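Novice: Take this structure, written in structure tokens, and hold onto it; I'll ask about it next.
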Amino acid sequence: MKLEDVQIEYARLEDLPRIVEIYNSTIEGRMATADLEPVTVEQRLPWFEEHTPEHRPLWVMKQAGQVVAWASLSSFYGRPAYNGTVEVSVYVDQQCRGIGAGGRLLETVFAACPALGIKTILGFVFGHNEPSLGLLRKHGFEQWGYYPEVAVLDGVNRDLAILGKKI
């Protein structure tokens with residue numbers, strides 16, 4: 001895949017099965033999500049509906065019409081005083097990792113933030129997920145918090161790093 005051959009657009013309902021497929025593909029690796037079992041499209045529908053282009057967007061990266069990666073902004077903490085702060089999520093199909101797809105999605109996110117009134121972006125990343133930590137650091141995120149051994153994945157205690165970036 002070449003990044004010049006991709007398009008980034010707001011996700012549509014017909015993209016949801018592929019979004020879920022990419023998400024589920026990360027569960028087994030125990031690095032990108034705290035879910036332990038695959039989720040269904042039906043389970044993710046309320047999450048999908050929470051994402052709107054004018055408030056909390058969900059973008060997809062497509063190559064030849066196929067979703068190969070996605071990024072979303074989710075509300076942080078759910079109270080009005082935090083409306084200017086969001087959590088970013090980026091998921092890339094295994095075949096497309098390491099070529100800059102995540103970075104391109106983050107650039108799209110950063111460009112959209114001012115019009116959305118977003119001033120702070122947070123990333124919640126397992127401490128052992130070096131690829132994601134590296135991606136966020138490369139794009140200006142700094143570690144703002146660290147929670148040791150707050151998750152258990154297959155009997156292994158895992159740390160959670162919180163990275164932040166001001167827009």
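Residues in the structure tokens are named by chain (A, B, ... in the order shown) and by number from 1 within that chain; ligands are numbered from 1 in the order shown.
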Taking the chain letters and numbering used in this document, name the residues of region 4-146 of chain A that DSSP puts in strand (DSSP E), as a PyMOL selection string.
Specialist: chain A and resi 6-10+58-63+66-75+85-92+120-126+142-146
Novice: To test your reading of the structure, identify every residue in region 90-162 of chain A that backbone DSSP assigns to alpha helix (DSSP H), and report it as a list of chain:residue names.
Specialist: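 These are the residues in question: A:Ala101, A:Gly102, A:Gly103, A:Arg104, A:Leu105, A:Leu106, A:Glu107, A:Thr108, A:Val109, A:Phe110, A:Ala111, A:Ala112, A:Cys113, A:Pro114, A:Ala115, A:Leu116, A:Glu130, A:Pro131, A:Ser132, A:Leu133, A:Gly134, A:Leu135, A:Leu136, A:Arg137, A:Lys138.
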Novice: Set the distance at 10 Å and use only C-alpha atoms: which residues neighbour Tyr146 (chain A) once local chain neighbours fewer than 3 positions away are removed? I'd like the list as a PyMOL selection string.
Specialist: chain A and resi 124-127+143+149-150+159-163
Novice: Got time to write the residues from that selection, N, CA and C atoms, as a tab-separated table (two decimals), in the first residue's frame?
Specialist:
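And here's again-v6.tsv as it stands now:
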```
chain	number	residue	atom	x	y	z
A	124	PHE	N	-4.60	6.72	25.60
A	124	PHE	CA	-4.46	5.74	26.66
A	124	PHE	C	-3.85	4.49	26.04
A	125	VAL	N	-2.63	4.16	26.44
A	125	VAL	CA	-1.87	3.11	25.75
A	125	VAL	C	-1.24	2.18	26.79
A	126	PHE	N	-1.36	0.87	26.57
A	126	PHE	CA	-0.67	-0.06	27.45
A	126	PHE	C	0.83	0.24	27.45
A	127	GLY	N	1.45	0.14	28.60
A	127	GLY	CA	2.87	0.44	28.73
A	127	GLY	C	3.77	-0.44	27.89
A	143	GLN	N	4.15	11.93	27.86
A	143	GLN	CA	3.51	11.13	28.91
A	143	GLN	C	3.05	12.05	30.04
A	149	GLU	N	0.20	-1.61	36.54
A	149	GLU	CA	-0.52	-2.86	36.78
A	149	GLU	C	-2.02	-2.68	37.01
A	150	VAL	N	-2.67	-1.84	36.20
A	150	VAL	CA	-4.11	-1.62	36.37
A	150	VAL	C	-4.96	-2.54	35.50
A	159	ASP	N	0.56	-2.21	32.62
A	159	ASP	CA	0.52	-0.80	32.96
A	159	ASP	C	-0.24	-0.03	31.89
A	160	LEU	N	-0.74	1.13	32.28
A	160	LEU	CA	-1.41	2.03	31.35
A	160	LEU	C	-0.71	3.37	31.36
A	161	ALA	N	-0.27	3.80	30.19
A	161	ALA	CA	0.35	5.12	30.04
A	161	ALA	C	-0.70	6.07	29.47
A	162	ILE	N	-0.71	7.28	29.98
A	162	ILE	CA	-1.59	8.31	29.43
A	162	ILE	C	-0.69	9.38	28.83
A	163	LEU	N	-0.87	9.56	27.52
A	163	LEU	CA	-0.11	10.56	26.80
A	163	LEU	C	-1.03	11.69	26.40
```
Novice: Hey, which of A:Cys96, A:Leu13, A:Val90, A:Leu153 ends up closest to Leu122 (chain A)? Count only C-alpha atoms.
Specialist: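 Of all the options, A:Val90 lies closest to Leu122 (chain A).
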Novice: Let me make sure I understand: among A:His128, A:Arg18, A:Arg12, A:Arg158, which one has the smallest atom-to-atom distance to Trp59 (chain A) if we use only C-alpha atoms?
Specialist: A:Arg12
Novice: From the options A:Glu87, A:Glu14, A:Glu37, A:Glu28, which residue's atoms come nearest to Val109 (chain A), counting only C-alpha atoms?
Specialist: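 Of the candidates, the smallest distance to Val109 (chain A) is held by A:Glu87.
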Novice: Hey, what's within 12 Å of Leu116 (chain A) if we count only C-alpha atoms and toss same-chain stuff fewer than 2 positions away? As a ChimeraX atom specification, please?
Specialist: /A:52-57,73,75,83-86,109-114,118-121,167
Novice: Just give me the gap between CA of Gly117 (chain A) and CA of Pro80 (chain A) in Å, one decimal is fine.
Specialist: 12.5 Å
Novice: Please measure the separation of CA of Lys166 (chain A) and CA of Phe48 (chain A), giving the value in Å to one decimal.
Specialist: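 Between CA of Lys166 (chain A) and CA of Phe48 (chain A) the gap works out to 25.5 Å.
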Novice: Looking at A:Pro148, A:Gly123, A:Pro131, A:Pro17, which one is nearest to Arg97 (chain A), with distances taken over only C-alpha atoms?
Specialist: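 Closest candidate: A:Pro131.
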Novice: Measuring between only C-alpha atoms, which one of A:Gly78, A:Gly164, A:Val88, A:Thr33 shows the shortest distance to Trp144 (chain A)?
Specialist: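 Closest candidate: A:Gly164.
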